[in-house]
file run-v6.txt (compact mmCIF, C-alpha atoms and all ligand atoms)
# COMPACT_ATOMS: atom_id res chain seq x y z
CA MET A 1 -66.22 24.58 -78.86
CA ASN A 2 -64.27 25.33 -75.74
CA TYR A 3 -61.59 22.96 -74.49
CA GLN A 4 -60.23 23.64 -71.04
CA TRP A 5 -56.78 22.82 -69.82
CA TYR A 6 -55.27 23.55 -66.47
CA PRO A 7 -52.54 26.16 -66.66
CA GLY A 8 -51.03 24.97 -63.33
CA HIS A 9 -50.32 21.51 -64.76
CA MET A 10 -48.98 22.97 -67.96
CA THR A 11 -46.58 25.31 -66.22
CA LYS A 12 -45.29 22.53 -63.97
CA ALA A 13 -44.86 20.10 -66.85
CA ARG A 14 -43.02 22.68 -68.89
CA ARG A 15 -40.74 23.59 -66.02
CA MET A 16 -39.89 19.93 -65.41
CA MET A 17 -39.17 19.45 -69.05
CA GLN A 18 -36.95 22.51 -69.24
CA GLU A 19 -34.92 21.08 -66.34
CA ASP A 20 -34.74 17.56 -67.74
CA ILE A 21 -33.85 18.63 -71.23
CA LYS A 22 -30.57 20.09 -70.00
CA LEU A 23 -29.40 16.54 -69.30
CA ILE A 24 -30.40 15.26 -72.71
CA ASP A 25 -28.63 14.72 -76.03
CA LEU A 26 -31.56 13.27 -77.95
CA VAL A 27 -35.22 14.25 -77.82
CA ILE A 28 -37.51 11.42 -78.91
CA GLU A 29 -40.84 13.04 -79.64
CA LEU A 30 -43.93 10.90 -80.00
CA VAL A 31 -46.72 12.19 -82.19
CA ASP A 32 -50.01 10.56 -83.15
CA ALA A 33 -49.64 9.46 -86.78
CA ARG A 34 -53.33 10.25 -87.39
CA VAL A 35 -52.78 13.91 -86.42
CA PRO A 36 -49.01 14.50 -86.49
CA LEU A 37 -49.18 18.29 -86.29
CA SER A 38 -52.15 18.69 -84.00
CA SER A 39 -50.64 16.22 -81.53
CA ARG A 40 -47.41 18.13 -81.08
CA ASN A 41 -46.54 21.32 -79.32
CA PRO A 42 -44.27 23.41 -81.54
CA ASP A 43 -42.50 24.69 -78.39
CA ILE A 44 -40.53 21.46 -78.59
CA ASP A 45 -38.48 23.08 -81.36
CA GLU A 46 -37.34 25.77 -78.97
CA LEU A 47 -36.94 23.39 -76.01
CA GLY A 48 -35.00 20.89 -78.07
CA LYS A 49 -32.74 23.40 -79.78
CA GLY A 50 -29.24 22.01 -80.30
CA LYS A 51 -30.33 18.44 -79.47
CA ALA A 52 -30.61 15.54 -81.84
CA ARG A 53 -34.25 15.00 -82.73
CA LEU A 54 -36.22 11.87 -83.48
CA VAL A 55 -39.94 11.98 -84.26
CA LEU A 56 -41.82 8.72 -83.75
CA LEU A 57 -45.09 8.52 -85.64
CA ASN A 58 -46.97 6.40 -83.14
CA LYS A 59 -50.36 4.67 -83.46
CA ALA A 60 -49.39 4.06 -87.06
CA ASP A 61 -51.56 0.94 -86.93
CA LEU A 62 -54.57 3.31 -86.94
CA ALA A 63 -53.24 5.74 -89.54
CA ASP A 64 -53.25 5.75 -93.33
CA SER A 65 -49.81 4.45 -94.33
CA ARG A 66 -49.62 6.66 -97.46
CA ALA A 67 -50.19 9.72 -95.32
CA THR A 68 -47.68 8.48 -92.74
CA ALA A 69 -45.01 8.23 -95.44
CA ARG A 70 -45.69 11.85 -96.38
CA TRP A 71 -45.39 12.89 -92.75
CA GLU A 72 -42.06 11.10 -92.40
CA ASP A 73 -40.82 13.08 -95.35
CA TYR A 74 -42.16 16.29 -93.80
CA PHE A 75 -40.30 15.78 -90.52
CA ARG A 76 -37.08 14.64 -92.22
CA LYS A 77 -37.04 17.77 -94.32
CA ARG A 78 -37.12 19.70 -91.07
CA GLY A 79 -34.03 18.03 -89.69
CA CYS A 80 -35.61 15.26 -87.60
CA PHE A 81 -34.97 11.55 -87.81
CA THR A 82 -38.19 9.55 -87.98
CA ALA A 83 -39.62 6.11 -87.38
CA VAL A 84 -43.13 4.72 -87.69
CA LEU A 85 -44.54 2.59 -84.96
CA ASP A 86 -47.24 0.88 -82.93
CA ALA A 87 -45.91 1.34 -79.42
CA ARG A 88 -47.87 -1.65 -78.13
CA SER A 89 -46.05 -4.11 -80.34
CA ARG A 90 -42.41 -5.10 -80.15
CA ALA A 91 -42.38 -5.55 -83.92
CA GLY A 92 -41.50 -1.96 -84.78
CA MET A 93 -38.85 -1.56 -82.13
CA LYS A 94 -35.96 -2.62 -84.38
CA ALA A 95 -36.68 0.33 -86.65
CA VAL A 96 -36.76 2.58 -83.60
CA SER A 97 -33.39 1.26 -82.40
CA SER A 98 -31.79 1.94 -85.73
CA ALA A 99 -33.38 5.41 -85.93
CA ILE A 100 -31.99 6.16 -82.46
CA ALA A 101 -28.57 4.96 -83.58
CA SER A 102 -28.66 7.23 -86.63
CA ALA A 103 -29.88 10.19 -84.60
CA CYS A 104 -27.02 9.68 -82.12
CA GLN A 105 -24.32 9.29 -84.73
CA GLU A 106 -23.34 12.93 -84.88
CA LYS A 107 -23.08 13.27 -81.11
CA LYS A 108 -20.92 10.16 -80.88
CA GLU A 109 -18.57 11.49 -83.57
CA ARG A 110 -18.31 14.79 -81.73
CA ASP A 111 -17.48 13.02 -78.48
CA ARG A 112 -14.88 10.90 -80.24
CA ARG A 113 -13.16 13.95 -81.70
CA ARG A 114 -12.97 15.39 -78.20
CA GLY A 115 -11.49 12.17 -76.90
CA ILE A 116 -14.64 11.19 -75.02
CA ILE A 117 -15.37 7.53 -75.51
CA ASN A 118 -18.09 5.26 -74.19
CA ARG A 119 -20.26 8.04 -72.86
CA PRO A 120 -23.81 6.94 -73.47
CA VAL A 121 -26.18 9.17 -75.37
CA ARG A 122 -28.97 10.36 -73.11
CA ALA A 123 -32.47 10.42 -74.49
CA MET A 124 -35.82 11.68 -73.32
CA ILE A 125 -39.28 10.71 -74.54
CA ALA A 126 -41.59 13.66 -74.98
CA GLY A 127 -45.13 14.18 -76.17
CA ILE A 128 -48.62 15.32 -75.31
CA PRO A 129 -50.79 13.23 -72.95
CA ASN A 130 -52.19 9.98 -74.41
CA VAL A 131 -49.85 9.87 -77.36
CA GLY A 132 -48.36 6.61 -76.05
CA LYS A 133 -45.25 7.63 -74.09
CA SER A 134 -45.68 5.13 -71.22
CA THR A 135 -46.66 2.37 -73.61
CA PHE A 136 -43.56 3.07 -75.68
CA ILE A 137 -41.23 3.14 -72.68
CA ASN A 138 -42.68 -0.15 -71.41
CA THR A 139 -42.48 -1.93 -74.74
CA PHE A 140 -39.17 -0.51 -75.82
CA ALA A 141 -37.28 -0.55 -72.57
CA GLY A 142 -39.24 -3.47 -71.10
CA LYS A 143 -37.63 -5.96 -68.79
CA ALA A 144 -34.50 -6.32 -70.85
CA CYS A 145 -33.14 -3.05 -69.57
CA THR A 146 -31.72 -2.17 -66.22
CA LYS A 147 -32.50 0.99 -64.39
CA THR A 148 -29.31 2.81 -63.61
CA GLY A 149 -30.70 4.82 -60.69
CA ASN A 150 -29.16 7.92 -59.20
CA ARG A 151 -25.54 8.58 -59.88
CA PRO A 152 -23.20 11.38 -58.93
CA GLY A 153 -23.49 14.27 -61.34
CA VAL A 154 -26.99 13.31 -62.33
CA THR A 155 -29.91 15.25 -60.87
CA LYS A 156 -31.21 13.48 -57.79
CA GLY A 157 -34.32 11.43 -58.27
CA LYS A 158 -33.79 10.91 -61.99
CA GLN A 159 -34.04 7.35 -63.15
CA TRP A 160 -32.22 6.32 -66.27
CA ILE A 161 -32.97 3.20 -68.21
CA ARG A 162 -29.99 1.70 -69.92
CA LEU A 163 -31.14 0.62 -73.36
CA ASN A 164 -27.82 -0.68 -74.62
CA ARG A 165 -24.14 0.18 -74.42
CA GLU A 166 -24.69 3.44 -76.21
CA VAL A 167 -28.03 4.84 -75.12
CA GLU A 168 -29.78 5.53 -71.86
CA MET A 169 -33.20 7.00 -71.48
CA LEU A 170 -34.83 9.08 -68.80
CA ASP A 171 -37.68 6.99 -67.46
CA THR A 172 -40.00 9.96 -66.84
CA PRO A 173 -41.33 11.31 -70.09
CA GLY A 174 -41.50 15.02 -70.85
CA ILE A 175 -45.13 16.06 -71.01
CA LEU A 176 -46.04 18.65 -73.57
CA TRP A 177 -49.44 20.28 -73.90
CA PRO A 178 -51.16 20.63 -77.20
CA LYS A 179 -51.53 24.09 -78.67
CA PHE A 180 -55.14 25.10 -78.90
CA GLU A 181 -54.85 28.37 -80.73
CA ASP A 182 -56.36 26.73 -83.76
CA GLN A 183 -59.80 25.32 -82.96
CA MET A 184 -59.29 22.50 -85.43
CA VAL A 185 -56.44 21.21 -83.27
CA GLY A 186 -58.81 20.80 -80.31
CA LEU A 187 -61.40 19.16 -82.49
CA LYS A 188 -59.02 16.63 -84.01
CA LEU A 189 -57.52 15.76 -80.62
CA ALA A 190 -61.02 15.26 -79.26
CA VAL A 191 -61.87 12.93 -82.13
CA THR A 192 -58.73 10.85 -81.60
CA GLY A 193 -59.42 10.63 -77.86
CA ALA A 194 -56.44 12.65 -76.66
CA ILE A 195 -58.82 14.98 -74.82
CA ARG A 196 -61.02 13.71 -72.02
CA ASP A 197 -64.51 12.61 -72.96
CA GLU A 198 -66.52 14.74 -70.55
CA ILE A 199 -65.60 17.94 -72.34
CA LEU A 200 -66.60 16.67 -75.73
CA GLN A 201 -69.72 17.38 -77.71
CA PRO A 202 -70.03 14.09 -79.55
CA GLU A 203 -72.49 15.24 -82.19
CA GLU A 204 -70.33 18.17 -83.23
CA LEU A 205 -67.27 15.91 -83.43
CA ALA A 206 -69.16 13.24 -85.33
CA LEU A 207 -70.53 15.70 -87.87
CA TRP A 208 -67.06 17.05 -88.51
CA LEU A 209 -65.68 13.50 -88.82
CA ILE A 210 -68.43 12.54 -91.26
CA ARG A 211 -67.67 15.55 -93.46
CA TYR A 212 -63.95 14.83 -93.40
CA LEU A 213 -64.42 11.13 -94.21
CA THR A 214 -66.90 11.86 -96.96
CA ALA A 215 -64.36 14.17 -98.60
CA GLU A 216 -61.14 12.21 -97.98
CA TYR A 217 -62.24 8.59 -97.66
CA PRO A 218 -65.37 8.31 -99.80
CA GLY A 219 -67.35 5.13 -99.33
CA ILE A 220 -65.84 4.23 -95.97
CA LEU A 221 -68.96 5.14 -93.96
CA ALA A 222 -71.39 3.58 -96.38
CA GLY A 223 -69.28 0.42 -96.28
CA ARG A 224 -69.09 0.21 -92.51
CA TYR A 225 -72.73 1.04 -91.80
CA GLN A 226 -74.29 -0.46 -94.89
CA MET A 227 -76.02 2.78 -95.86
CA LYS A 228 -77.24 3.88 -99.26
CA ALA A 229 -77.09 7.61 -99.97
CA ASP A 230 -80.61 7.74 -101.42
CA THR A 231 -82.23 6.12 -98.39
CA LEU A 232 -80.73 8.38 -95.72
CA PRO A 233 -83.29 9.72 -93.24
CA GLU A 234 -83.67 13.27 -91.96
CA GLY A 235 -80.77 14.43 -89.78
CA PRO A 236 -80.77 16.17 -86.38
CA ASP A 237 -82.89 19.35 -86.23
CA GLY A 238 -84.62 18.31 -89.41
CA HIS A 239 -81.47 18.87 -91.47
CA GLY A 240 -81.74 15.59 -93.35
CA GLY A 241 -81.26 15.19 -97.05
CA GLU A 242 -82.86 18.62 -97.44
CA THR A 243 -80.50 21.55 -97.71
CA GLY A 244 -82.92 24.11 -96.19
CA GLY A 245 -80.90 26.77 -94.37
CA ILE A 246 -77.59 24.91 -94.01
CA SER A 247 -74.94 23.99 -96.52
CA GLY A 248 -75.30 20.89 -98.62
CA GLU A 249 -72.31 19.26 -96.93
CA ALA A 250 -73.66 19.92 -93.44
CA ALA A 251 -77.06 18.57 -94.40
CA GLU A 252 -75.45 15.50 -95.89
CA ALA A 253 -73.39 14.91 -92.74
CA ALA A 254 -76.49 15.26 -90.58
CA ALA A 255 -78.30 12.75 -92.75
CA VAL A 256 -75.40 10.30 -92.47
CA LEU A 257 -75.49 10.58 -88.67
CA ALA A 258 -79.21 9.93 -88.78
CA GLY A 259 -78.51 6.95 -91.03
CA ILE A 260 -76.02 5.54 -88.51
CA ALA A 261 -78.58 5.99 -85.71
CA LYS A 262 -81.15 4.11 -87.77
CA VAL A 263 -78.87 1.27 -88.87
CA ARG A 264 -77.46 0.77 -85.39
CA GLY A 265 -80.77 1.08 -83.59
CA CYS A 266 -79.87 4.20 -81.62
CA VAL A 267 -83.32 5.31 -80.46
CA ARG A 268 -84.57 7.22 -77.46
CA LYS A 269 -87.51 6.12 -75.33
CA GLY A 270 -90.17 7.85 -77.42
CA GLY A 271 -88.79 6.34 -80.62
CA GLU A 272 -86.77 9.46 -81.53
CA PRO A 273 -83.31 8.82 -83.03
CA ASP A 274 -80.53 9.07 -80.44
CA TYR A 275 -77.97 11.16 -82.33
CA GLU A 276 -75.64 11.43 -79.38
CA LYS A 277 -75.40 7.67 -79.09
CA ALA A 278 -74.87 7.33 -82.85
CA ALA A 279 -72.14 9.98 -82.66
CA GLN A 280 -70.39 8.16 -79.81
CA LEU A 281 -70.59 4.91 -81.70
CA LEU A 282 -69.03 6.47 -84.80
CA ILE A 283 -66.24 8.13 -82.81
CA GLU A 284 -65.50 4.87 -80.99
CA ASP A 285 -65.37 3.02 -84.32
CA PHE A 286 -62.88 5.59 -85.58
CA ARG A 287 -60.69 5.51 -82.44
CA SER A 288 -60.50 1.74 -82.35
CA GLY A 289 -59.61 1.47 -86.03
CA ARG A 290 -62.85 -0.32 -86.94
CA LEU A 291 -63.47 2.31 -89.61
CA GLY A 292 -60.11 1.51 -91.15
CA GLU A 293 -56.73 3.21 -91.26
CA ILE A 294 -57.41 6.91 -91.37
CA THR A 295 -55.30 10.05 -91.07
CA LEU A 296 -57.01 13.32 -90.18
CA GLU A 297 -54.47 15.78 -91.57
CA LEU A 298 -51.87 15.95 -94.29
CA PRO A 299 -48.66 17.97 -94.42
CA ASP A 300 -49.03 21.40 -95.88
CA PRO A 301 -45.86 21.93 -97.90
CA GLU A 302 -46.18 25.70 -97.54
CA LYS A 303 -46.42 25.67 -93.77
CA GLN A 304 -43.38 25.44 -91.51
CA ILE A 305 -43.55 23.56 -88.19
P1 LIG A 401 -49.11 8.60 -72.49
O1 LIG A 401 -48.14 7.90 -71.59
O2 LIG A 401 -48.43 9.36 -73.58
O3 LIG A 401 -50.11 9.46 -71.77
O4 LIG A 401 -49.98 7.49 -73.26
P2 LIG A 401 -50.19 5.94 -72.92
O5 LIG A 401 -48.94 5.18 -73.10
O6 LIG A 401 -50.89 5.82 -71.62
O7 LIG A 401 -51.20 5.51 -74.10
C1 LIG A 401 -52.50 6.07 -74.25
C2 LIG A 401 -53.40 5.07 -74.95
O8 LIG A 401 -52.94 4.86 -76.28
C3 LIG A 401 -53.44 3.69 -74.32
O9 LIG A 401 -54.74 3.17 -74.54
C4 LIG A 401 -52.48 2.88 -75.16
O10 LIG A 401 -52.73 1.50 -75.14
C5 LIG A 401 -52.76 3.46 -76.52
N1 LIG A 401 -51.62 3.32 -77.45
C6 LIG A 401 -50.33 3.67 -77.24
N2 LIG A 401 -49.58 3.43 -78.35
C7 LIG A 401 -50.44 2.93 -79.27
C8 LIG A 401 -50.26 2.50 -80.65
O11 LIG A 401 -49.17 2.57 -81.24
N3 LIG A 401 -51.38 2.06 -81.27
C9 LIG A 401 -52.59 2.00 -80.68
N4 LIG A 401 -53.62 1.55 -81.39
N5 LIG A 401 -52.79 2.39 -79.40
C10 LIG A 401 -51.72 2.84 -78.72
P3 LIG A 401 -55.82 3.13 -73.43
O12 LIG A 401 -57.08 2.71 -74.06
O13 LIG A 401 -55.82 4.41 -72.66
O14 LIG A 401 -55.29 2.07 -72.46
P4 LIG A 401 -55.31 0.48 -72.69
O15 LIG A 401 -56.74 0.13 -72.64
O16 LIG A 401 -54.66 0.18 -74.00
O17 LIG A 401 -54.52 -0.01 -71.52

call {"tool": "encode", "arguments": {"input": "run-v6.txt", "output": "structure tokens", "more": "lines below"}}
Ligand code: G4P
result
Amino acid sequence: MNYQWYPGHMTKARRMMQEDIKLIDLVIELVDARVPLSSRNPDIDELGKGKARLVLLNKADLADSRATARWEDYFRKRGCFTAVLDARSRAGMKAVSSAIASACQEKKERDRRRGIINRPVRAMIAGIPNVGKSTFINTFAGKACTKTGNRPGVTKGKQWIRLNREVEMLDTPGILWPKFEDQMVGLKLAVTGAIRDEILQPEELALWLIRYLTAEYPGILAGRYQMKADTLPEGPDGHGGETGGISGEAAEAAAVLAGIAKVRGCVRKGGEPDYEKAAQLLIEDFRSGRLGEITLELPDPEKQI
């Protein structure tokens, strides 16, 4: 699978972020709680060196809460403050406010020791495209906050949103690009919808998703699509319940996709199953949460960020 990004955009985004980050005390990084590692760019550790760090596990409404708790632990152990949230709802914003307050504590103490009082902590939201940065800024900052506009000493054109007496936030988020060195990263981001649809191969994504769900969330597919294992039809390319030539797992996944096509009436003109349509349907059910709360990766205790 080959996912294309545009190096020009990446370079520009990185340059902007490098500039902006100089003005910042606190980096608030949004990650997708369903894929917390794949949806971050580890360069943020270098970019955010010496800054307070807060990781927000966003889209938590779609993720498995047990896995999210493990991810919080993972990020905390690496020196980041964390909060769990659904950026579209105001409900989780209290937790975010208190996480911001905790993350800022050290900086405020330092200022106080130096005799600096009442200087607001400056924060920036950062994350890869589609992780929910604009949604978060809108919900969190909302109408209640005033834009502070340009001020002397602050880079021209920068807009700051005053969140409260103690914190102001840059209203343009820092855009990071996912790291694609590992092919699985691209695949998981495609499944979650972070990568544009036209470069996807839905069947390949769906087959991977089916295998993952079968292993990690047994029963979830059968429940959603009312399928019985022993009545599954032949899969794409004749790889149905038979294991001829491909692994048992792959054959099983192909048969499940065929089963979804059958149950949901995905058929082509000549009566052939429409696997692509079935794959799209499955992926859409996953993205929207209709399959349930699902996380696609777990922390590896051996692996550093
Ligand atoms: P970005 O600025 O980081 O690029 O992301 P943006 O806020 O545009 O959000 C990308 C999509 O993710 C939007 O959906 C948004 O509604 C959705 N989203 C953001 N936060 C959450 C969350 O916590 N939970 C869930 N379930 N979805 C979230 P969209 O389909 O592109 O737009 P829309 O149809 O919602 O307007």

call {"tool": "residues_near_ligand", "arguments": {"input": "run-v6.txt", "ligand": "ligand LIG 401 (chain A)", "cutoff": "10 Å", "atoms": "all atoms listed in the file", "output": "PyMOL selection string"}}
result
chain A and resi 30-33+56-63+84-89+92+125-139+172-176+192-194+287-289

call {"tool": "atom_distance", "arguments": {"input": "run-v6.txt", "atom1": "CA of Trp177 in chain A", "atom2": "CA of Thr11 in chain A"}}
result
9.6 Å

call {"tool": "closest_residue", "arguments": {"input": "run-v6.txt", "among": "A:Lys269, A:Lys228, A:Arg264, A:Arg110", "to": "Leu281 in chain A", "atoms": "only C-alpha atoms"}}
result
A:Arg264

call {"tool": "closest_residue", "arguments": {"input": "run-v6.txt", "among": "A:Gly248, A:Gly142, A:Pro233, A:Gly219", "to": "Ala261 in chain A", "atoms": "all atoms listed in the file"}}
result
A:Pro233

call {"tool": "residues_around", "arguments": {"input": "run-v6.txt", "residues": "Ile260 in chain A", "least_positions_apart": "3", "cutoff": "10 Å", "atoms": "only C-alpha atoms", "output": "VMD selection string"}}
result
chain A and resid 221 to 222 224 to 227 232 to 233 254 to 257 263 to 266 273 to 275 277 to 279 281 to 282

call {"tool": "residues_around", "arguments": {"input": "run-v6.txt", "residues": "Ile283 in chain A", "least_positions_apart": "3", "cutoff": "8 Å", "atoms": "all atoms listed in the file", "output": "list in words"}}
result
Val191, Pro202, Leu205, Ala206, Ala279, Gln280, Phe286 and Arg287 of chain A

call {"tool": "residues_near_point", "arguments": {"input": "run-v6.txt", "point": "(-73.1, 17.8, -99.2)", "cutoff": "9 Å", "atoms": "all atoms listed in the file", "output": "PyMOL selection string"}}
result
chain A and resi 211+214+241+243+247-253

call {"tool": "closest_residue", "arguments": {"input": "run-v6.txt", "among": "A:Arg14, A:Lys188, A:Lys22, A:Arg113", "to": "Thr295 in chain A", "atoms": "only C-alpha atoms"}}
result
A:Lys188

call {"tool": "atom_distance", "arguments": {"input": "run-v6.txt", "atom1": "CA of Asp25 in chain A", "atom2": "CA of Ala95 in chain A"}}
result
19.6 Å

call {"tool": "atom_distance", "arguments": {"input": "run-v6.txt", "atom1": "CA of Gln183 in chain A", "atom2": "CA of Asp300 in chain A"}}
result
17.3 Å

call {"tool": "axis_aligned_box", "arguments": {"input": "run-v6.txt", "around": "range 212-225 of chain A", "padding_each_side": "5 Å", "output": "JSON"}}
result
{"center_x": -66.9, "center_y": 7.5, "center_z": -95.8, "size_x": 21.6, "size_y": 24.6, "size_z": 18.0}

call {"tool": "closest_residue", "arguments": {"input": "run-v6.txt", "among": "A:Lys94, A:Lys107, A:Ala69, A:Ala141", "to": "Gly50 in chain A", "atoms": "all atoms listed in the file"}}
result
A:Lys107

call {"tool": "closest_residue", "arguments": {"input": "run-v6.txt", "among": "A:Arg66, A:Arg112, A:Lys77, A:Arg53", "to": "Ile100 in chain A", "atoms": "only C-alpha atoms"}}
result
A:Arg53

call {"tool": "decode", "arguments": {"input": "run-v6.txt", "residues": "range 207-215 of chain A", "atoms": "all heavy atoms", "output": "mmCIF file, in the first residue's frame"}}
result
data_model
loop_
_atom_site.group_PDB
_atom_site.id
_atom_site.type_symbol
_atom_site.label_atom_id
_atom_site.label_comp_id
_atom_site.auth_asym_id
_atom_site.auth_seq_id
_atom_site.Cartn_x
_atom_site.Cartn_y
_atom_site.Cartn_z
ATOM 1 N N LEU A 207 -10.161 -6.082 5.156
ATOM 2 C CA LEU A 207 -9.659 -7.414 5.509
ATOM 3 C C LEU A 207 -8.730 -7.335 6.719
ATOM 4 O O LEU A 207 -8.778 -8.190 7.604
ATOM 5 C CB LEU A 207 -8.947 -8.064 4.311
ATOM 6 C CG LEU A 207 -9.888 -8.495 3.178
ATOM 7 C CD1 LEU A 207 -9.089 -8.938 1.950
ATOM 8 C CD2 LEU A 207 -10.832 -9.617 3.624
ATOM 9 N N TRP A 208 -7.932 -6.276 6.762
ATOM 10 C CA TRP A 208 -7.074 -6.104 7.941
ATOM 11 C C TRP A 208 -7.947 -5.881 9.192
ATOM 12 O O TRP A 208 -7.730 -6.502 10.239
ATOM 13 C CB TRP A 208 -6.109 -4.913 7.770
ATOM 14 C CG TRP A 208 -5.333 -4.718 9.044
ATOM 15 C CD1 TRP A 208 -4.239 -5.417 9.436
ATOM 16 C CD2 TRP A 208 -5.666 -3.826 10.115
ATOM 17 N NE1 TRP A 208 -3.850 -5.015 10.700
ATOM 18 C CE2 TRP A 208 -4.712 -4.044 11.132
ATOM 19 C CE3 TRP A 208 -6.684 -2.884 10.316
ATOM 20 C CZ2 TRP A 208 -4.729 -3.328 12.336
ATOM 21 C CZ3 TRP A 208 -6.701 -2.177 11.509
ATOM 22 C CH2 TRP A 208 -5.727 -2.403 12.511
ATOM 23 N N LEU A 209 -8.957 -5.005 9.040
ATOM 24 C CA LEU A 209 -9.830 -4.689 10.179
ATOM 25 C C LEU A 209 -10.552 -5.950 10.673
ATOM 26 O O LEU A 209 -10.652 -6.193 11.888
ATOM 27 C CB LEU A 209 -10.838 -3.596 9.773
ATOM 28 C CG LEU A 209 -11.773 -3.088 10.866
ATOM 29 C CD1 LEU A 209 -11.003 -2.468 12.032
ATOM 30 C CD2 LEU A 209 -12.762 -2.051 10.304
ATOM 31 N N ILE A 210 -11.012 -6.745 9.749
ATOM 32 C CA ILE A 210 -11.709 -7.987 10.125
ATOM 33 C C ILE A 210 -10.771 -8.902 10.931
ATOM 34 O O ILE A 210 -11.149 -9.433 11.971
ATOM 35 C CB ILE A 210 -12.248 -8.718 8.871
ATOM 36 C CG1 ILE A 210 -13.399 -7.921 8.248
ATOM 37 C CG2 ILE A 210 -12.711 -10.138 9.219
ATOM 38 C CD1 ILE A 210 -13.824 -8.408 6.870
ATOM 39 N N ARG A 211 -9.546 -9.015 10.461
ATOM 40 C CA ARG A 211 -8.592 -9.893 11.179
ATOM 41 C C ARG A 211 -8.305 -9.358 12.568
ATOM 42 O O ARG A 211 -8.238 -10.107 13.543
ATOM 43 C CB ARG A 211 -7.286 -10.019 10.381
ATOM 44 C CG ARG A 211 -7.469 -10.899 9.171
ATOM 45 C CD ARG A 211 -6.257 -10.908 8.289
ATOM 46 N NE ARG A 211 -5.181 -11.704 8.869
ATOM 47 C CZ ARG A 211 -4.131 -12.136 8.167
ATOM 48 N NH1 ARG A 211 -4.042 -11.858 6.888
ATOM 49 N NH2 ARG A 211 -3.186 -12.834 8.746
ATOM 50 N N TYR A 212 -8.135 -8.033 12.645
ATOM 51 C CA TYR A 212 -7.856 -7.429 13.953
ATOM 52 C C TYR A 212 -9.046 -7.639 14.908
ATOM 53 O O TYR A 212 -8.879 -8.039 16.058
ATOM 54 C CB TYR A 212 -7.557 -5.930 13.778
ATOM 55 C CG TYR A 212 -7.274 -5.244 15.087
ATOM 56 C CD1 TYR A 212 -5.990 -5.274 15.638
ATOM 57 C CD2 TYR A 212 -8.283 -4.597 15.801
ATOM 58 C CE1 TYR A 212 -5.716 -4.677 16.862
ATOM 59 C CE2 TYR A 212 -8.019 -3.992 17.024
ATOM 60 C CZ TYR A 212 -6.739 -4.028 17.546
ATOM 61 O OH TYR A 212 -6.476 -3.457 18.752
ATOM 62 N N LEU A 213 -10.245 -7.361 14.406
ATOM 63 C CA LEU A 213 -11.432 -7.470 15.266
ATOM 64 C C LEU A 213 -11.683 -8.916 15.684
ATOM 65 O O LEU A 213 -12.083 -9.172 16.818
ATOM 66 C CB LEU A 213 -12.661 -6.899 14.546
ATOM 67 C CG LEU A 213 -12.633 -5.393 14.261
ATOM 68 C CD1 LEU A 213 -13.841 -4.982 13.428
ATOM 69 C CD2 LEU A 213 -12.590 -4.586 15.561
ATOM 70 N N THR A 214 -11.446 -9.826 14.770
ATOM 71 C CA THR A 214 -11.643 -11.241 15.093
ATOM 72 C C THR A 214 -10.713 -11.649 16.243
ATOM 73 O O THR A 214 -11.106 -12.365 17.157
ATOM 74 C CB THR A 214 -11.374 -12.116 13.851
ATOM 75 O OG1 THR A 214 -12.193 -11.608 12.799
ATOM 76 C CG2 THR A 214 -11.705 -13.566 14.102
ATOM 77 N N ALA A 215 -9.472 -11.128 16.208
ATOM 78 C CA ALA A 215 -8.507 -11.480 17.251
ATOM 79 C C ALA A 215 -8.774 -10.734 18.555
ATOM 80 O O ALA A 215 -8.731 -11.323 19.639
ATOM 81 C CB ALA A 215 -7.092 -11.186 16.754
#
